[in-house]
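As provided, input.csv (CSV, C-alpha atoms and all ligand atoms) reads as follows.
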```
chain,number,residue,atom,x,y,z
A,1,LEU,CA,102.5,84.6,102.8
A,2,PRO,CA,105.0,82.7,104.8
A,3,GLU,CA,108.6,83.8,103.8
A,4,LEU,CA,112.0,82.8,105.1
A,5,PRO,CA,111.5,83.9,108.7
A,6,GLU,CA,108.2,82.2,109.1
A,7,VAL,CA,109.5,79.0,107.5
A,8,GLU,CA,112.6,79.1,109.8
A,9,ILE,CA,110.5,79.5,112.9
A,10,THR,CA,108.4,76.6,111.7
A,11,ARG,CA,111.6,74.6,111.1
A,12,ARG,CA,112.9,75.2,114.6
A,13,HIS,CA,109.6,74.2,116.2
A,14,LEU,CA,109.3,71.0,114.1
A,15,GLU,CA,113.0,70.1,114.6
A,16,SER,CA,112.7,69.6,118.4
A,17,ALA,CA,109.5,67.6,118.0
A,18,THR,CA,110.5,65.3,115.1
A,19,VAL,CA,114.2,64.7,114.8
A,20,ASN,CA,115.1,61.0,115.6
A,21,ARG,CA,111.4,60.1,115.9
A,22,VAL,CA,110.0,57.2,113.9
A,23,ILE,CA,106.9,57.8,111.8
A,24,VAL,CA,104.3,55.2,112.8
A,25,GLY,CA,101.6,56.3,110.3
A,26,ALA,CA,100.8,59.1,107.9
A,27,THR,CA,97.5,60.2,106.4
A,28,VAL,CA,97.3,62.6,103.4
A,29,ASP,CA,93.7,63.5,102.5
A,30,HIS,CA,94.0,66.0,99.7
A,31,PRO,CA,95.5,65.1,96.3
A,32,ARG,CA,96.8,68.7,95.7
A,33,THR,CA,98.9,68.5,98.9
A,34,ALA,CA,100.6,65.4,97.4
A,35,ARG,CA,100.8,66.7,93.8
A,36,PHE,CA,104.6,66.2,93.5
A,37,ASN,CA,104.1,62.5,94.2
A,38,ALA,CA,102.2,59.9,92.2
A,39,SER,CA,99.4,59.9,94.8
A,40,ALA,CA,98.6,60.7,98.4
A,41,ALA,CA,99.1,57.0,99.1
A,42,GLU,CA,102.6,57.2,97.8
A,43,VAL,CA,103.5,59.9,100.3
A,44,GLU,CA,101.9,57.8,103.1
A,45,SER,CA,103.8,54.6,102.2
A,46,ARG,CA,107.1,56.4,101.7
A,47,LEU,CA,106.8,57.9,105.2
A,48,GLU,CA,105.6,55.0,107.2
A,49,GLY,CA,108.1,53.3,109.5
A,50,ARG,CA,110.9,55.6,108.7
A,51,ARG,CA,113.0,57.7,111.2
A,52,ILE,CA,113.3,61.4,110.7
A,53,GLY,CA,116.9,62.6,110.5
A,54,ALA,CA,117.9,66.3,110.0
A,55,LEU,CA,115.4,69.0,109.4
A,56,GLY,CA,116.7,71.8,107.2
A,57,ARG,CA,115.4,74.7,105.2
A,58,HIS,CA,116.4,76.3,101.9
A,59,GLY,CA,114.7,79.5,101.1
A,60,LYS,CA,111.0,78.9,101.7
A,61,PHE,CA,111.3,75.1,101.5
A,62,LEU,CA,111.5,72.7,104.5
A,63,VAL,CA,113.8,69.8,103.7
A,64,ALA,CA,113.8,66.7,106.0
A,65,THR,CA,115.9,63.6,105.5
A,66,VAL,CA,114.3,60.3,106.5
A,67,ASP,CA,115.7,56.8,106.6
A,68,ASP,CA,116.6,54.9,103.4
A,69,GLY,CA,117.6,58.0,101.3
A,70,TRP,CA,114.2,59.7,101.2
A,71,THR,CA,113.8,63.4,101.4
A,72,VAL,CA,110.6,65.2,102.6
A,73,LEU,CA,110.2,68.5,100.7
A,74,ALA,CA,107.5,70.8,102.0
A,75,HIS,CA,106.3,74.3,101.1
A,76,LEU,CA,103.7,76.3,103.1
A,77,GLY,CA,102.4,78.0,99.9
A,78,MET,CA,100.0,80.9,100.6
A,79,SER,CA,98.4,79.7,103.8
A,80,GLY,CA,99.9,76.5,105.0
A,81,ARG,CA,101.2,75.9,108.5
A,82,PHE,CA,102.4,73.0,110.6
A,83,ALA,CA,101.3,72.2,114.1
A,84,VAL,CA,102.6,69.6,116.6
A,85,THR,CA,99.8,68.2,118.7
A,86,SER,CA,99.1,65.2,121.0
A,87,ASP,CA,97.1,62.6,119.1
A,88,GLY,CA,93.8,63.2,121.0
A,89,GLU,CA,93.4,66.8,119.9
A,90,PRO,CA,90.6,67.6,117.5
A,91,ARG,CA,91.7,68.2,114.0
A,92,LEU,CA,91.4,71.8,112.7
A,93,PRO,CA,89.5,72.2,109.4
A,94,HIS,CA,91.8,72.0,106.3
A,95,THR,CA,94.2,69.6,108.0
A,96,HIS,CA,95.5,67.7,105.0
A,97,VAL,CA,98.5,65.8,106.3
A,98,THR,CA,98.7,64.0,109.7
A,99,ILE,CA,102.0,62.3,110.6
A,100,THR,CA,101.9,60.2,113.8
A,101,LEU,CA,105.2,59.8,115.6
A,102,ASP,CA,106.4,57.1,117.9
A,103,ASP,CA,106.0,59.3,121.0
A,104,GLY,CA,102.3,59.7,120.3
A,105,ASN,CA,102.5,63.2,119.0
A,106,GLU,CA,101.2,64.2,115.6
A,107,VAL,CA,102.6,66.6,113.0
A,108,ARG,CA,99.7,68.2,111.2
A,109,PHE,CA,99.8,70.3,108.0
A,110,ILE,CA,96.9,72.7,107.8
A,111,ASP,CA,96.5,74.5,104.5
A,112,PRO,CA,93.1,76.1,103.6
A,113,ARG,CA,94.1,77.2,100.1
A,114,THR,CA,96.2,74.1,99.2
A,115,PHE,CA,99.0,76.0,97.5
A,116,GLY,CA,101.4,74.3,99.9
A,117,PHE,CA,102.6,70.7,99.5
A,118,VAL,CA,104.3,67.8,101.3
A,119,SER,CA,106.2,65.5,99.1
A,120,VAL,CA,108.6,62.5,99.7
A,121,LEU,CA,111.2,62.2,97.0
A,122,ASP,CA,114.1,60.0,96.1
A,123,GLU,CA,117.5,61.4,94.9
A,124,ASP,CA,116.5,61.6,91.2
A,125,GLU,CA,113.2,63.2,92.0
A,126,LEU,CA,114.9,65.8,94.2
A,127,THR,CA,117.3,66.7,91.5
A,128,GLY,CA,114.3,67.5,89.2
A,129,SER,CA,112.5,69.5,91.9
A,130,ALA,CA,112.2,73.2,92.5
A,131,LEU,CA,114.8,72.8,95.3
A,132,SER,CA,117.6,72.3,92.7
A,133,ARG,CA,116.8,75.7,91.1
A,134,LEU,CA,117.2,77.8,94.2
A,135,GLY,CA,119.9,80.4,94.6
A,136,PRO,CA,121.8,80.7,97.9
A,137,ASP,CA,119.7,81.0,101.0
A,138,ALA,CA,119.3,84.6,102.1
A,139,TRP,CA,119.9,83.8,105.8
A,140,ASP,CA,122.1,80.7,106.0
A,141,GLN,CA,124.3,81.1,102.9
A,142,PRO,CA,125.3,84.8,102.9
A,143,MET,CA,126.6,85.9,99.5
A,144,THR,CA,129.5,88.4,99.0
A,145,ALA,CA,128.6,91.8,97.5
A,146,GLU,CA,130.5,90.8,94.4
A,147,THR,CA,128.5,87.6,93.9
A,148,LEU,CA,125.2,89.5,94.3
A,149,SER,CA,126.2,92.3,91.9
A,150,ASN,CA,127.4,89.8,89.4
A,151,ARG,CA,124.1,88.0,89.6
A,152,LEU,CA,122.3,91.3,89.0
A,153,ALA,CA,124.7,92.6,86.3
A,154,GLY,CA,123.1,93.4,83.0
A,155,ARG,CA,119.6,92.8,84.3
A,156,SER,CA,117.1,95.5,83.4
A,157,ALA,CA,114.3,94.2,85.6
A,158,PRO,CA,113.5,96.2,88.7
A,159,ILE,CA,115.5,95.1,91.8
A,160,LYS,CA,112.2,94.4,93.6
A,161,ALA,CA,111.3,91.8,91.0
A,162,LEU,CA,114.8,90.3,91.1
A,163,LEU,CA,114.7,89.9,94.8
A,164,LEU,CA,111.6,87.8,94.4
A,165,ASP,CA,113.4,85.5,91.9
A,166,GLN,CA,114.3,82.5,94.1
A,167,SER,CA,117.1,81.5,91.7
A,168,ILE,CA,119.0,84.7,92.5
A,169,ILE,CA,118.5,84.7,96.2
A,170,ALA,CA,116.2,82.3,98.1
A,171,GLY,CA,113.8,83.1,100.8
A,172,LEU,CA,112.5,86.6,100.2
A,173,GLY,CA,108.8,87.3,99.3
A,174,ASN,CA,106.9,90.5,98.9
A,175,ILE,CA,107.1,91.6,102.6
A,176,TYR,CA,110.8,91.1,103.2
A,177,ALA,CA,111.8,92.4,99.7
A,178,ASP,CA,110.1,95.7,100.4
A,179,GLU,CA,111.6,95.8,103.9
A,180,SER,CA,115.1,95.1,102.7
A,181,LEU,CA,114.9,97.8,100.0
A,182,HIS,CA,113.6,100.3,102.5
A,183,GLY,CA,116.4,99.3,104.9
A,184,ALA,CA,119.0,99.7,102.1
A,185,GLN,CA,117.4,103.0,100.8
A,186,ILE,CA,117.2,101.5,97.3
A,187,HIS,CA,114.3,102.5,95.1
A,188,PRO,CA,112.4,99.3,94.1
A,189,LEU,CA,112.3,100.2,90.4
A,190,THR,CA,116.1,100.5,90.2
A,191,PRO,CA,117.3,98.1,87.4
A,192,GLY,CA,119.2,95.2,88.8
A,193,GLY,CA,122.2,96.1,86.6
A,194,GLY,CA,122.3,99.5,88.3
A,195,ILE,CA,123.1,97.9,91.7
A,196,GLY,CA,126.9,97.9,91.8
A,197,PRO,CA,129.0,96.1,94.5
A,198,ASP,CA,128.8,99.0,97.0
A,199,ARG,CA,125.0,99.0,97.0
A,200,ALA,CA,124.9,95.2,96.8
A,201,ALA,CA,126.8,95.2,100.1
A,202,ILE,CA,124.4,97.6,101.7
A,203,LEU,CA,121.4,95.6,100.4
A,204,LEU,CA,122.9,92.3,101.7
A,205,GLU,CA,123.3,93.9,105.1
A,206,ALA,CA,119.8,95.2,105.1
A,207,ILE,CA,118.4,91.7,104.1
A,208,HIS,CA,120.3,90.1,106.9
A,209,SER,CA,119.2,92.6,109.4
A,210,VAL,CA,115.5,92.5,108.3
A,211,LEU,CA,115.4,88.7,108.3
A,212,GLY,CA,117.2,88.5,111.7
A,213,ALA,CA,114.7,90.9,113.3
A,214,ALA,CA,111.8,89.1,111.9
A,215,ILE,CA,113.0,85.7,113.1
A,216,SER,CA,113.5,87.1,116.6
A,217,ALA,CA,110.0,88.6,116.6
A,218,GLY,CA,108.3,85.3,115.5
A,219,GLY,CA,107.7,86.4,112.0
A,220,THR,CA,105.0,88.7,110.5
A,221,THR,CA,101.3,88.0,110.9
A,222,LEU,CA,99.2,90.2,108.7
A,223,ASP,CA,95.5,91.1,109.3
A,224,ASP,CA,94.4,88.0,107.4
A,225,LEU,CA,96.0,85.8,110.1
A,226,ALA,CA,97.2,83.4,107.4
A,227,TYR,CA,100.5,82.9,109.2
A,228,LEU,CA,100.5,81.9,112.8
A,229,LEU,CA,103.4,80.4,114.9
A,230,PRO,CA,103.2,76.6,115.2
A,231,ASP,CA,101.8,77.1,118.7
A,232,GLY,CA,99.0,79.3,117.3
A,233,ARG,CA,100.3,82.7,118.4
A,234,ALA,CA,100.6,85.6,116.0
A,235,GLY,CA,104.1,86.8,115.0
A,236,GLU,CA,105.1,90.2,116.3
A,237,ASN,CA,107.3,91.6,113.6
A,238,GLY,CA,106.0,95.0,112.5
A,239,PRO,CA,107.0,96.0,108.9
A,240,ASP,CA,108.6,99.5,108.3
A,241,ALA,CA,107.4,99.7,104.7
A,242,TYR,CA,105.3,96.8,103.6
A,243,GLY,CA,101.6,97.6,103.7
A,244,ARG,CA,102.3,101.1,105.1
A,245,ASP,CA,101.5,103.3,102.1
A,246,GLY,CA,100.1,106.6,103.3
A,247,LEU,CA,101.9,106.4,106.6
A,248,PRO,CA,105.1,108.3,107.5
A,249,CYS,CA,108.5,106.7,106.7
A,250,SER,CA,110.2,105.6,109.9
A,251,ARG,CA,113.4,107.2,108.7
A,252,CYS,CA,112.4,110.5,107.2
A,253,GLY,CA,108.7,111.0,107.9
A,254,THR,CA,107.7,111.3,104.2
A,255,LEU,CA,104.5,109.5,103.4
A,256,LEU,CA,105.2,106.0,102.0
A,257,GLU,CA,103.8,105.2,98.5
A,258,ARG,CA,102.6,102.1,96.8
A,259,VAL,CA,103.4,101.0,93.2
A,260,VAL,CA,102.7,97.8,91.4
A,261,ILE,CA,105.8,96.1,90.1
A,262,ARG,CA,105.3,92.9,88.0
A,263,SER,CA,101.8,92.6,89.5
A,264,ARG,CA,103.2,92.7,93.1
A,265,SER,CA,102.2,95.5,95.4
A,266,THR,CA,105.3,97.4,96.5
A,267,HIS,CA,105.7,99.9,99.3
A,268,TYR,CA,108.6,102.4,99.5
A,269,CYS,CA,109.6,105.9,100.6
A,270,PRO,CA,109.8,108.3,97.6
A,271,LYS,CA,112.3,110.5,99.4
A,272,CYS,CA,114.9,108.3,101.0
A,273,GLN,CA,114.9,105.3,98.6
A,274,THR,CA,116.7,106.4,95.5
B,1,ZN,ZN,112.0,107.9,104.0
```
As structure tokens, please, write out the structure in this file.
Amino acid sequence: LPELPEVEITRRHLESATVNRVIVGATVDHPRTARFNASAAEVESRLEGRRIGALGRHGKFLVATVDDGWTVLAHLGMSGRFAVTSDGEPRLPHTHVTITLDDGNEVRFIDPRTFGFVSVLDEDELTGSALSRLGPDAWDQPMTAETLSNRLAGRSAPIKALLLDQSIIAGLGNIYADESLHGAQIHPLTPGGGIGPDRAAILLEAIHSVLGAAISAGGTTLDDLAYLLPDGRAGENGPDAYGRDGLPCSRCGTLLERVVIRSRSTHYCPKCQT
């Protein structure tokens, strides 16, 4: 699934194509994609005629401000992606949102499984949205080791599960949580409360390094090709741990193992992650 690096790459691509452009028309053709609004028509009417201001990201959410105090909140879900195309290009199957810009280009949201969404919210609606419950962004809002260890203090849940909790730290999903724990040499079943400030510092450094490398490589495209760069290419990030059970650890050569933690597949080195 798209995680912070894939959403950041999407954001950068969309930013250059959309900021300061005026939306001349919008079409939303799947009610699930518009589920945080009253209707698909409400999303369309709130977008039409408005200029796009800043395009930001918090965790795995894209956040765009548009004229008159509206905020566009979008999430790629399991399989969603954005593409910028000229208006004559044929629509791919599962294109559920088409936003036509004043330069003739179109921003299209393609989402076969419809777990993603595009919503247009006012200030009150935004306050009640998932965005308001996010912890600091794992890339743009680095925490101190003290802050992270305080957030984990007293928690008996495995650190792997806590890293997926977007209210603690926002942006990590299954791939980059496994990669970060491998980088930090922390066993995924370690209780959160057992991560003191020293290991929290190592973990934060590993998170930053894993996310930075993934952003530079264009994100991670798995065999299912669910995530592709906005221009249609595959991301070139190669995980060290995620999905590599049975293969040798890049650090010590021990065969990596797989365990299920809170119903999420987890990949780790039984020797050098303690
Ligand atoms: Zn190892």
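With the cut-off set to 6 Å and all atoms listed in the file counted, the residues surrounding ligand ZN 1 (chain B) are Cys249, Arg251, Cys252, Gly253, Thr254, Cys269, Lys271 and Cys272 of chain A.
Here atom CA of Val22 of chain A is placed at a distance of 6.2 Å from atom CA of Gly49 of chain A.
Nearest to Asn174 of chain A of all the residues A:Ala38, A:Met78, A:Leu203, A:Leu73 is A:Met78, based on only C-alpha atoms.
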Query raised in the report: How many Å lie between atom CA of Ile159 of chain A and atom CA of Arg264 of chain A, rounded to one decimal?
Result: 12.6 Å
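Taking atom CA of Thr98 of chain A and atom CA of Ser129 of chain A as endpoints, the distance between them is 23.2 Å.
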Report task. Write out as a PyMOL selection string each polymer residue whose atoms come within 12 Å of Gly25 of chain A, counting all atoms listed in the file; drop sequence neighbours fewer than 3 positions from it. Result -> chain A and resi 21-22+28+41+43-51+87+97-107
Report task. Would you list the contacts of segment 180-195 of chain A as an MDAnalysis selection string, taking every protein, DNA or RNA residue within 10 Å and counting only C-alpha atoms, but skipping same-chain residues closer than 2 positions in sequence? Result -> chainID A and resid 148:163 172 175:178 197:211 240:242 249:251 259:261 266:274
Would you mind exporting C-alpha atoms of the selected residues as an mmCIF file, in the coordinates of the input?
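Final output, saved to selection27.cif:
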```cif
data_model
loop_
_atom_site.group_PDB
_atom_site.id
_atom_site.type_symbol
_atom_site.label_atom_id
_atom_site.label_comp_id
_atom_site.auth_asym_id
_atom_site.auth_seq_id
_atom_site.Cartn_x
_atom_site.Cartn_y
_atom_site.Cartn_z
ATOM 1 C CA LEU A 148 125.200 89.500 94.300
ATOM 2 C CA SER A 149 126.200 92.300 91.900
ATOM 3 C CA ASN A 150 127.400 89.800 89.400
ATOM 4 C CA ARG A 151 124.100 88.000 89.600
ATOM 5 C CA LEU A 152 122.300 91.300 89.000
ATOM 6 C CA ALA A 153 124.700 92.600 86.300
ATOM 7 C CA GLY A 154 123.100 93.400 83.000
ATOM 8 C CA ARG A 155 119.600 92.800 84.300
ATOM 9 C CA SER A 156 117.100 95.500 83.400
ATOM 10 C CA ALA A 157 114.300 94.200 85.600
ATOM 11 C CA PRO A 158 113.500 96.200 88.700
ATOM 12 C CA ILE A 159 115.500 95.100 91.800
ATOM 13 C CA LYS A 160 112.200 94.400 93.600
ATOM 14 C CA ALA A 161 111.300 91.800 91.000
ATOM 15 C CA LEU A 162 114.800 90.300 91.100
ATOM 16 C CA LEU A 163 114.700 89.900 94.800
ATOM 17 C CA LEU A 172 112.500 86.600 100.200
ATOM 18 C CA ILE A 175 107.100 91.600 102.600
ATOM 19 C CA TYR A 176 110.800 91.100 103.200
ATOM 20 C CA ALA A 177 111.800 92.400 99.700
ATOM 21 C CA ASP A 178 110.100 95.700 100.400
ATOM 22 C CA PRO A 197 129.000 96.100 94.500
ATOM 23 C CA ASP A 198 128.800 99.000 97.000
ATOM 24 C CA ARG A 199 125.000 99.000 97.000
ATOM 25 C CA ALA A 200 124.900 95.200 96.800
ATOM 26 C CA ALA A 201 126.800 95.200 100.100
ATOM 27 C CA ILE A 202 124.400 97.600 101.700
ATOM 28 C CA LEU A 203 121.400 95.600 100.400
ATOM 29 C CA LEU A 204 122.900 92.300 101.700
ATOM 30 C CA GLU A 205 123.300 93.900 105.100
ATOM 31 C CA ALA A 206 119.800 95.200 105.100
ATOM 32 C CA ILE A 207 118.400 91.700 104.100
ATOM 33 C CA HIS A 208 120.300 90.100 106.900
ATOM 34 C CA SER A 209 119.200 92.600 109.400
ATOM 35 C CA VAL A 210 115.500 92.500 108.300
ATOM 36 C CA LEU A 211 115.400 88.700 108.300
ATOM 37 C CA ASP A 240 108.600 99.500 108.300
ATOM 38 C CA ALA A 241 107.400 99.700 104.700
ATOM 39 C CA TYR A 242 105.300 96.800 103.600
ATOM 40 C CA CYS A 249 108.500 106.700 106.700
ATOM 41 C CA SER A 250 110.200 105.600 109.900
ATOM 42 C CA ARG A 251 113.400 107.200 108.700
ATOM 43 C CA VAL A 259 103.400 101.000 93.200
ATOM 44 C CA VAL A 260 102.700 97.800 91.400
ATOM 45 C CA ILE A 261 105.800 96.100 90.100
ATOM 46 C CA THR A 266 105.300 97.400 96.500
ATOM 47 C CA HIS A 267 105.700 99.900 99.300
ATOM 48 C CA TYR A 268 108.600 102.400 99.500
ATOM 49 C CA CYS A 269 109.600 105.900 100.600
ATOM 50 C CA PRO A 270 109.800 108.300 97.600
ATOM 51 C CA LYS A 271 112.300 110.500 99.400
ATOM 52 C CA CYS A 272 114.900 108.300 101.000
ATOM 53 C CA GLN A 273 114.900 105.300 98.600
ATOM 54 C CA THR A 274 116.700 106.400 95.500
#
```
Query raised in the report: Quick one: residues within 10 Å of segment 229-235 of chain A, only C-alpha atoms counted, chain neighbours fewer than 4 positions away excluded, as a list in words?
Result: Glu6, Val7, Ile9, Thr10, Arg11, Arg12, His13, Leu14, Arg81, Phe82, Ala83, Val84, Thr85, Arg108, Ala214, Ile215, Ser216, Ala217, Gly218, Gly219, Thr220, Thr221, Leu222 and Leu225 of chain A
Kindly add all heavy atoms to the incomplete segment 113-124 of chain A and provide the output as a short mmCIF file (atom, residue, chain, number, x, y, z; two decimals), keeping the file's coordinate frame.
```cif
data_model
loop_
_atom_site.label_atom_id
_atom_site.label_comp_id
_atom_site.auth_asym_id
_atom_site.auth_seq_id
_atom_site.Cartn_x
_atom_site.Cartn_y
_atom_site.Cartn_z
N ARG A 113 94.15 76.92 101.55
CA ARG A 113 94.10 77.20 100.10
C ARG A 113 94.83 76.21 99.26
O ARG A 113 94.81 76.31 98.04
CB ARG A 113 94.68 78.64 99.91
CG ARG A 113 93.83 79.68 100.67
CD ARG A 113 94.28 81.09 100.44
NE ARG A 113 94.13 81.48 99.05
CZ ARG A 113 94.51 82.66 98.56
NH1 ARG A 113 95.06 83.55 99.36
NH2 ARG A 113 94.35 82.94 97.29
N THR A 114 95.48 75.26 99.87
CA THR A 114 96.20 74.10 99.20
C THR A 114 97.19 74.53 98.15
O THR A 114 97.43 73.79 97.20
CB THR A 114 95.16 73.09 98.60
OG1 THR A 114 94.47 73.68 97.49
CG2 THR A 114 94.18 72.57 99.62
N PHE A 115 97.81 75.69 98.32
CA PHE A 115 99.00 76.00 97.50
C PHE A 115 100.24 75.35 98.02
O PHE A 115 101.25 75.28 97.33
CB PHE A 115 99.16 77.52 97.37
CG PHE A 115 98.17 78.20 96.48
CD1 PHE A 115 97.05 78.84 97.00
CD2 PHE A 115 98.34 78.18 95.10
CE1 PHE A 115 96.13 79.45 96.17
CE2 PHE A 115 97.41 78.79 94.25
CZ PHE A 115 96.31 79.43 94.80
N GLY A 116 100.20 74.95 99.27
CA GLY A 116 101.40 74.30 99.90
C GLY A 116 101.41 72.82 99.44
O GLY A 116 100.50 72.32 98.76
N PHE A 117 102.48 72.13 99.80
CA PHE A 117 102.60 70.70 99.50
C PHE A 117 103.50 70.00 100.47
O PHE A 117 104.33 70.64 101.13
CB PHE A 117 103.03 70.45 98.05
CG PHE A 117 104.43 70.94 97.75
CD1 PHE A 117 105.54 70.18 98.09
CD2 PHE A 117 104.63 72.15 97.10
CE1 PHE A 117 106.82 70.63 97.80
CE2 PHE A 117 105.91 72.61 96.81
CZ PHE A 117 107.01 71.85 97.17
N VAL A 118 103.33 68.70 100.56
CA VAL A 118 104.30 67.80 101.30
C VAL A 118 104.59 66.70 100.32
O VAL A 118 103.68 66.00 99.82
CB VAL A 118 103.62 67.26 102.57
CG1 VAL A 118 104.55 66.25 103.24
CG2 VAL A 118 103.28 68.39 103.54
N SER A 119 105.87 66.54 100.00
CA SER A 119 106.20 65.50 99.10
C SER A 119 107.37 64.65 99.66
O SER A 119 108.12 65.13 100.51
CB SER A 119 106.65 66.07 97.72
OG SER A 119 107.66 67.03 97.91
N VAL A 120 107.47 63.40 99.23
CA VAL A 120 108.60 62.50 99.70
C VAL A 120 109.25 62.01 98.41
O VAL A 120 108.63 61.31 97.59
CB VAL A 120 108.02 61.33 100.50
CG1 VAL A 120 109.19 60.57 101.13
CG2 VAL A 120 107.09 61.82 101.59
N LEU A 121 110.52 62.40 98.24
CA LEU A 121 111.20 62.20 97.00
C LEU A 121 112.48 61.39 97.13
O LEU A 121 113.15 61.46 98.17
CB LEU A 121 111.56 63.59 96.38
CG LEU A 121 110.39 64.59 96.27
CD1 LEU A 121 110.90 65.95 95.78
CD2 LEU A 121 109.30 64.07 95.34
N ASP A 122 112.82 60.65 96.08
CA ASP A 122 114.10 60.00 96.10
C ASP A 122 115.15 60.97 95.46
O ASP A 122 114.80 62.10 95.07
CB ASP A 122 114.09 58.64 95.35
CG ASP A 122 113.81 58.76 93.86
OD1 ASP A 122 114.04 59.85 93.28
OD2 ASP A 122 113.36 57.77 93.26
N GLU A 123 116.40 60.52 95.36
CA GLU A 123 117.50 61.40 94.90
C GLU A 123 117.22 62.00 93.53
O GLU A 123 117.41 63.20 93.31
CB GLU A 123 118.79 60.68 94.96
CG GLU A 123 119.95 61.53 95.41
CD GLU A 123 121.18 60.67 95.64
OE1 GLU A 123 121.20 59.92 96.64
OE2 GLU A 123 122.09 60.75 94.79
N ASP A 124 116.78 61.18 92.60
CA ASP A 124 116.50 61.60 91.20
C ASP A 124 115.38 62.65 91.20
O ASP A 124 115.45 63.67 90.52
CB ASP A 124 116.14 60.47 90.32
CG ASP A 124 117.37 59.65 89.94
OD1 ASP A 124 118.51 60.14 90.21
OD2 ASP A 124 117.20 58.54 89.41
#
```
